[in-house]
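Raw structure16.cif, mmCIF, C-alpha atoms; chains and numbers go by the auth columns:
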```cif
data_target
loop_
_atom_site.group_PDB
_atom_site.id
_atom_site.type_symbol
_atom_site.label_atom_id
_atom_site.label_comp_id
_atom_site.label_asym_id
_atom_site.label_seq_id
_atom_site.Cartn_x
_atom_site.Cartn_y
_atom_site.Cartn_z
_atom_site.B_iso_or_equiv
_atom_site.auth_seq_id
_atom_site.auth_asym_id
ATOM 1 C CA MET A 1 134.126 90.448 124.045 0.00 152 R
ATOM 2 C CA ARG A 2 132.316 93.281 125.848 0.00 153 R
ATOM 3 C CA GLN A 3 133.929 92.305 129.135 0.00 154 R
ATOM 4 C CA LEU A 4 137.396 92.323 127.594 0.00 155 R
ATOM 5 C CA LEU A 5 136.702 95.743 126.080 0.00 156 R
ATOM 6 C CA LEU A 6 135.531 97.050 129.462 0.00 157 R
ATOM 7 C CA CYS A 7 138.646 95.727 131.181 0.00 158 R
ATOM 8 C CA THR A 8 140.869 97.231 128.500 0.00 159 R
ATOM 9 C CA LEU A 9 139.128 100.583 128.895 0.00 160 R
ATOM 10 C CA MET A 10 139.648 100.474 132.654 0.00 161 R
ATOM 11 C CA MET A 11 143.322 99.684 132.252 0.00 162 R
ATOM 12 C CA LEU A 12 143.635 102.462 129.690 0.00 163 R
ATOM 13 C CA LEU A 13 142.045 104.932 132.102 0.00 164 R
ATOM 14 C CA ALA A 14 144.439 103.851 134.829 0.00 165 R
ATOM 15 C CA GLY A 15 147.368 104.140 132.414 0.00 166 R
ATOM 16 C CA CYS A 16 146.308 107.630 131.326 0.00 167 R
ATOM 17 C CA GLN A 17 146.171 108.683 134.962 0.00 168 R
ATOM 18 C CA LEU A 18 149.663 107.306 135.568 0.00 169 R
ATOM 19 C CA LEU A 19 150.972 109.087 132.483 0.00 170 R
ATOM 20 C CA GLU A 20 149.370 112.351 133.559 0.00 171 R
ATOM 21 C CA ARG A 21 150.900 112.071 136.998 0.00 172 R
ATOM 22 C CA SER A 22 154.396 111.364 135.700 0.00 173 R
ATOM 23 C CA VAL A 23 154.460 113.850 132.829 0.00 174 R
ATOM 24 C CA LEU A 24 152.212 116.776 133.656 0.00 175 R
ATOM 25 C CA ARG A 25 152.550 117.201 137.406 0.00 176 R
ATOM 26 C CA PRO A 26 155.634 118.343 139.252 0.00 177 R
ATOM 27 C CA ALA A 27 157.337 115.854 141.527 0.00 178 R
ATOM 28 C CA ALA A 28 156.521 117.851 144.674 0.00 179 R
ATOM 29 C CA SER A 29 152.799 117.540 144.054 0.00 180 R
ATOM 30 C CA ASP A 30 153.174 113.770 143.630 0.00 181 R
ATOM 31 C CA ASN A 31 154.420 113.548 147.197 0.00 182 R
ATOM 32 C CA VAL A 32 151.463 115.589 148.433 0.00 183 R
ATOM 33 C CA GLN A 33 149.058 113.512 146.349 0.00 184 R
ATOM 34 C CA THR A 34 150.511 110.226 147.573 0.00 185 R
ATOM 35 C CA ARG A 35 150.085 111.298 151.177 0.00 186 R
ATOM 36 C CA ALA A 36 146.535 112.524 150.510 0.00 187 R
ATOM 37 C CA CYS A 37 145.409 109.294 148.825 0.00 188 R
ATOM 38 C CA ASP A 38 144.278 106.396 150.963 0.00 189 R
ATOM 39 C CA ILE A 39 144.831 103.896 148.147 0.00 190 R
ATOM 40 C CA ASP A 40 147.854 103.943 145.853 0.00 191 R
ATOM 41 C CA ASP A 41 148.060 103.160 142.132 0.00 192 R
ATOM 42 C CA ALA A 42 149.411 99.665 142.825 0.00 193 R
ATOM 43 C CA GLN A 43 146.133 98.854 144.602 0.00 194 R
ATOM 44 C CA VAL A 44 144.122 100.048 141.584 0.00 195 R
ATOM 45 C CA ILE A 45 146.218 97.829 139.325 0.00 196 R
ATOM 46 C CA GLU A 46 145.647 94.916 141.712 0.00 197 R
ATOM 47 C CA TRP A 47 141.874 95.594 141.515 0.00 198 R
ATOM 48 C CA LEU A 48 142.051 95.603 137.713 0.00 199 R
ATOM 49 C CA ASN A 49 143.972 92.334 137.653 0.00 200 R
ATOM 50 C CA TYR A 50 141.574 90.745 140.128 0.00 201 R
ATOM 51 C CA GLU A 51 138.567 91.971 138.098 0.00 202 R
ATOM 52 C CA HIS A 52 140.091 90.635 134.891 0.00 203 R
ATOM 53 C CA ARG A 53 140.645 87.267 136.545 0.00 204 R
ATOM 54 C CA TYR A 54 137.063 87.352 137.846 0.00 205 R
ATOM 55 C CA ILE A 55 135.524 88.245 134.470 0.00 206 R
ATOM 56 C CA SER A 56 137.408 85.481 132.688 0.00 207 R
ATOM 57 C CA SER A 57 136.597 82.820 135.316 0.00 208 R
ATOM 58 C CA THR A 58 134.043 80.044 135.439 0.00 209 R
ATOM 59 C CA LEU A 59 131.014 80.385 137.719 0.00 210 R
ATOM 60 C CA GLU A 60 132.662 78.282 140.425 0.00 211 R
ATOM 61 C CA GLN A 61 135.882 80.303 140.234 0.00 212 R
ATOM 62 C CA LYS A 62 133.858 83.543 140.412 0.00 213 R
ATOM 63 C CA ARG A 63 132.139 82.309 143.548 0.00 214 R
ATOM 64 C CA LYS A 64 135.514 81.534 145.136 0.00 215 R
ATOM 65 C CA LEU A 65 136.964 84.917 144.143 0.00 216 R
ATOM 66 C CA LEU A 66 133.958 86.713 145.663 0.00 217 R
ATOM 67 C CA ILE A 67 134.327 84.717 148.861 0.00 218 R
ATOM 68 C CA ASP A 68 138.062 85.472 148.903 0.00 219 R
ATOM 69 C CA ALA A 69 137.495 89.212 148.486 0.00 220 R
ATOM 70 C CA GLU A 70 134.892 89.171 151.234 0.00 221 R
ATOM 71 C CA ARG A 71 137.082 87.033 153.516 0.00 222 R
ATOM 72 C CA ARG A 72 140.004 89.429 153.083 0.00 223 R
ATOM 73 C CA GLN A 73 137.568 92.209 154.073 0.00 224 R
ATOM 74 C CA GLN A 74 138.167 94.127 150.898 0.00 225 R
ATOM 75 C CA ARG A 75 134.707 95.645 150.579 0.00 226 R
ATOM 76 C CA THR A 76 135.712 97.902 147.705 0.00 227 R
ATOM 77 C CA LEU A 77 137.078 94.982 145.694 0.00 228 R
ATOM 78 C CA HIS A 78 134.017 92.915 146.587 0.00 229 R
ATOM 79 C CA ALA A 79 131.758 95.739 145.340 0.00 230 R
ATOM 80 C CA LEU A 80 133.814 96.101 142.164 0.00 231 R
ATOM 81 C CA LEU A 81 133.455 92.381 141.471 0.00 232 R
ATOM 82 C CA LEU A 82 129.713 92.565 142.097 0.00 233 R
ATOM 83 C CA SER A 83 129.515 95.377 139.551 0.00 234 R
ATOM 84 C CA THR A 84 131.102 93.441 136.682 0.00 235 R
ATOM 85 C CA PRO A 85 128.998 92.628 133.617 0.00 236 R
ATOM 86 C CA GLY A 86 126.704 89.642 133.916 0.00 237 R
ATOM 87 C CA GLN A 87 125.743 90.163 137.555 0.00 238 R
ATOM 88 C CA SER A 88 122.161 90.210 138.760 0.00 239 R
ATOM 89 C CA PRO A 89 120.400 93.556 139.226 0.00 240 R
ATOM 90 C CA GLU A 90 120.392 92.945 142.996 0.00 241 R
ATOM 91 C CA GLN A 91 124.171 92.504 143.016 0.00 242 R
ATOM 92 C CA LEU A 92 124.589 95.620 140.897 0.00 243 R
ATOM 93 C CA ARG A 93 122.426 97.624 143.300 0.00 244 R
ATOM 94 C CA ARG A 94 124.429 96.368 146.298 0.00 245 R
ATOM 95 C CA ALA A 95 127.675 97.314 144.576 0.00 246 R
ATOM 96 C CA LEU A 96 126.337 100.760 143.647 0.00 247 R
ATOM 97 C CA GLU A 97 125.127 101.340 147.185 0.00 248 R
ATOM 98 C CA TYR A 98 128.553 100.615 148.612 0.00 249 R
ATOM 99 C CA LEU A 99 130.594 102.412 145.940 0.00 250 R
ATOM 100 C CA SER A 100 128.390 105.499 146.279 0.00 251 R
ATOM 101 C CA THR A 101 129.175 105.756 149.992 0.00 252 R
ATOM 102 C CA LEU A 102 132.944 105.836 149.527 0.00 253 R
ATOM 103 C CA GLY A 103 134.542 109.176 150.224 0.00 254 R
ATOM 104 C CA THR A 104 136.615 109.998 147.175 0.00 255 R
ATOM 105 C CA ARG A 105 139.401 112.463 146.561 0.00 256 R
ATOM 106 C CA SER A 106 139.230 113.454 142.923 0.00 257 R
ATOM 107 C CA SER A 107 143.009 113.772 142.580 0.00 258 R
ATOM 108 C CA CYS A 108 143.597 110.119 143.455 0.00 259 R
ATOM 109 C CA SER A 109 143.689 107.397 140.802 0.00 260 R
ATOM 110 C CA SER A 110 141.675 105.081 143.015 0.00 261 R
ATOM 111 C CA SER A 111 139.017 107.709 143.550 0.00 262 R
ATOM 112 C CA GLN A 112 138.772 108.458 139.866 0.00 263 R
ATOM 113 C CA TYR A 113 138.493 104.768 139.077 0.00 264 R
ATOM 114 C CA ILE A 114 135.769 104.265 141.681 0.00 265 R
ATOM 115 C CA GLU A 115 133.908 107.325 140.384 0.00 266 R
ATOM 116 C CA VAL A 116 134.057 105.986 136.815 0.00 267 R
ATOM 117 C CA ARG A 117 132.877 102.555 137.945 0.00 268 R
ATOM 118 C CA THR A 118 130.091 104.105 140.009 0.00 269 R
ATOM 119 C CA ARG A 119 128.872 106.138 136.998 0.00 270 R
ATOM 120 C CA GLN A 120 129.164 103.064 134.761 0.00 271 R
ATOM 121 C CA LEU A 121 127.218 101.008 137.269 0.00 272 R
ATOM 122 C CA GLN A 122 124.483 103.641 137.576 0.00 273 R
ATOM 123 C CA LEU A 123 124.168 103.757 133.786 0.00 274 R
ATOM 124 C CA GLN A 124 124.055 99.973 133.643 0.00 275 R
ATOM 125 C CA LEU A 125 121.247 99.893 136.207 0.00 276 R
ATOM 126 C CA ASP A 126 119.403 102.652 134.344 0.00 277 R
ATOM 127 C CA LEU A 127 119.652 100.616 131.140 0.00 278 R
ATOM 128 C CA LEU A 128 118.375 97.503 132.896 0.00 279 R
ATOM 129 C CA GLU A 129 115.422 99.488 134.212 0.00 280 R
ATOM 130 C CA GLN A 130 114.708 100.897 130.752 0.00 281 R
ATOM 131 C CA ARG A 131 114.938 97.413 129.289 0.00 282 R
ATOM 132 C CA GLN A 132 112.493 96.083 131.851 0.00 283 R
ATOM 133 C CA THR A 133 110.094 98.940 131.111 0.00 284 R
ATOM 134 C CA LEU A 134 110.354 98.284 127.374 0.00 285 R
ATOM 135 C CA GLU A 135 109.771 94.558 127.892 0.00 286 R
ATOM 136 C CA GLN A 136 106.645 95.369 129.896 0.00 287 R
ATOM 137 C CA GLN A 137 105.459 97.671 127.111 0.00 288 R
ATOM 138 C CA VAL A 138 106.100 94.964 124.517 0.00 289 R
ATOM 139 C CA ASP A 139 104.177 92.451 126.629 0.00 290 R
ATOM 140 C CA GLU A 140 101.263 94.874 126.932 0.00 291 R
ATOM 141 C CA LEU A 141 101.281 95.566 123.189 0.00 292 R
ATOM 142 C CA GLN A 142 101.399 91.839 122.473 0.00 293 R
ATOM 143 C CA ARG A 143 98.448 91.324 124.807 0.00 294 R
ATOM 144 C CA GLN A 144 96.532 94.036 122.919 0.00 295 R
ATOM 145 C CA VAL A 145 97.426 92.516 119.544 0.00 296 R
ATOM 146 C CA ASP A 146 96.276 89.103 120.767 0.00 297 R
ATOM 147 C CA ALA A 147 93.010 90.622 122.013 0.00 298 R
ATOM 148 C CA LEU A 148 92.430 92.348 118.659 0.00 299 R
ATOM 149 C CA THR A 149 93.234 89.124 116.804 0.00 300 R
ATOM 150 C CA ASP A 150 90.709 87.242 118.935 0.00 301 R
ATOM 151 C CA LEU A 151 88.136 89.949 118.299 0.00 302 R
ATOM 152 C CA GLU A 152 88.772 89.771 114.561 0.00 303 R
ATOM 153 C CA ARG A 153 88.314 85.984 114.634 0.00 304 R
ATOM 154 C CA GLN A 154 85.042 86.335 116.515 0.00 305 R
ATOM 155 C CA ILE A 155 83.761 88.908 114.028 0.00 306 R
ATOM 156 C CA THR A 156 84.804 86.690 111.113 0.00 307 R
ATOM 157 C CA ARG A 157 83.000 83.682 112.685 0.00 308 R
ATOM 158 C CA GLN A 158 79.869 85.711 113.266 0.00 309 R
ATOM 159 C CA ARG A 159 79.857 86.879 109.639 0.00 310 R
ATOM 160 C CA GLU A 160 80.305 83.324 108.411 0.00 311 R
ATOM 161 C CA GLU A 161 77.445 82.157 110.617 0.00 312 R
ATOM 162 C CA HIS A 162 75.086 84.810 109.301 0.00 313 R
#
```

Can you present the structure in this file as structure tokens?
Amino acid sequence: MRQLLLCTLMMLLAGCQLLERSVLRPAASDNVQTRACDIDDAQVIEWLNYEHRYISSTLEQKRKLLIDAERRQQRTLHALLLSTPGQSPEQLRRALEYLSTLGTRSSCSSSQYIEVRTRQLQLQLDLLEQRQTLEQQVDELQRQVDALTDLERQITRQREEH
């Protein structure tokens, strides 16, 4: 459910960008923007479709899609797939490392999408780190509770013996 919501949000963001370009900007600036952007809107839509297919695939299909993206030398797509929900922290870090190195032009749809995904990925990694820290704190507190429980049992035994 979360993955479908994320995909829908991404498509909505891409759609809003397309609407903004067609309604709010003059046609002359579209020509300038198109020339200035390395990746066009059709490529962003292809990424979204590929990501949707990846998210809704089985583990074996995901493996094949990752291999396909890598084989086609589409590093950006490969990084985007590695940054989808459910990936390991190592994969997320690799994806963030690559996406962070991309030179982006803020007026391009592809750049805006990559920037949003990079921020989302950084937040996801931050949350994973916080979760790990909290789990360590819970483990430490549980260890302390267990130690106190053992101490209480020892005290109770000593009282019963005396």

Closest contacts (stretch 212-236 of chain R/stretch 194-204 of chain R, max 9 Å, all atoms listed in the file) as CSV:
```
residue,atom,partner,partner_atom,distance
R:Lys213,CA,R:Arg204,CA,8.7
R:Leu216,CA,R:Tyr201,CA,8.4
R:Leu228,CA,R:Trp198,CA,6.4
R:Leu231,CA,R:Glu202,CA,7.5
R:Leu232,CA,R:Glu202,CA,6.1
R:Thr235,CA,R:Glu202,CA,7.7
```

For a cutoff of 10 Å around the file-coordinate point (126.5, 88.0, 136.7), which residues qualify once you count all atoms listed in the file? I'd like the result as number ranges by chain.
R: 206, 210, 213, 232-240, 242-243

Put those residues in a file: C-alpha atoms, as a PDB file, in the frame of the given file.
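Written output follows (part07.pdb):
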```
ATOM      1  CA  ILE R 206     135.524  88.245 134.470  1.00  0.00           C
ATOM      2  CA  LEU R 210     131.014  80.385 137.719  1.00  0.00           C
ATOM      3  CA  LYS R 213     133.858  83.543 140.412  1.00  0.00           C
ATOM      4  CA  LEU R 232     133.455  92.381 141.471  1.00  0.00           C
ATOM      5  CA  LEU R 233     129.713  92.565 142.097  1.00  0.00           C
ATOM      6  CA  SER R 234     129.515  95.377 139.551  1.00  0.00           C
ATOM      7  CA  THR R 235     131.102  93.441 136.682  1.00  0.00           C
ATOM      8  CA  PRO R 236     128.998  92.628 133.617  1.00  0.00           C
ATOM      9  CA  GLY R 237     126.704  89.642 133.916  1.00  0.00           C
ATOM     10  CA  GLN R 238     125.743  90.163 137.555  1.00  0.00           C
ATOM     11  CA  SER R 239     122.161  90.210 138.760  1.00  0.00           C
ATOM     12  CA  PRO R 240     120.400  93.556 139.226  1.00  0.00           C
ATOM     13  CA  GLN R 242     124.171  92.504 143.016  1.00  0.00           C
ATOM     14  CA  LEU R 243     124.589  95.620 140.897  1.00  0.00           C
TER      15      LEU R 243
END
```

On this structure, which residues satisfy the PyMOL selection byres ((chain R and resi 271) around 12), written as a ChimeraX atom specification?
/R:157,160-161,231,234-236,243,246-247,250-251,264-270,272-278

What are the centre and the three edge lengths of an axis-aligned box that wraps all atoms of stretch 191-200 of chain R in the file, given that 6 Å is added to every side, written as JSON and rounded to one decimal in Å?
```
{"center_x": 145.6, "center_y": 98.1, "center_z": 141.8, "size_x": 19.5, "size_y": 23.6, "size_z": 20.2}
```

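The spacing separating atom CA of R:Cys188 from atom CA of R:Gln225 amounts to 16.9 Å.
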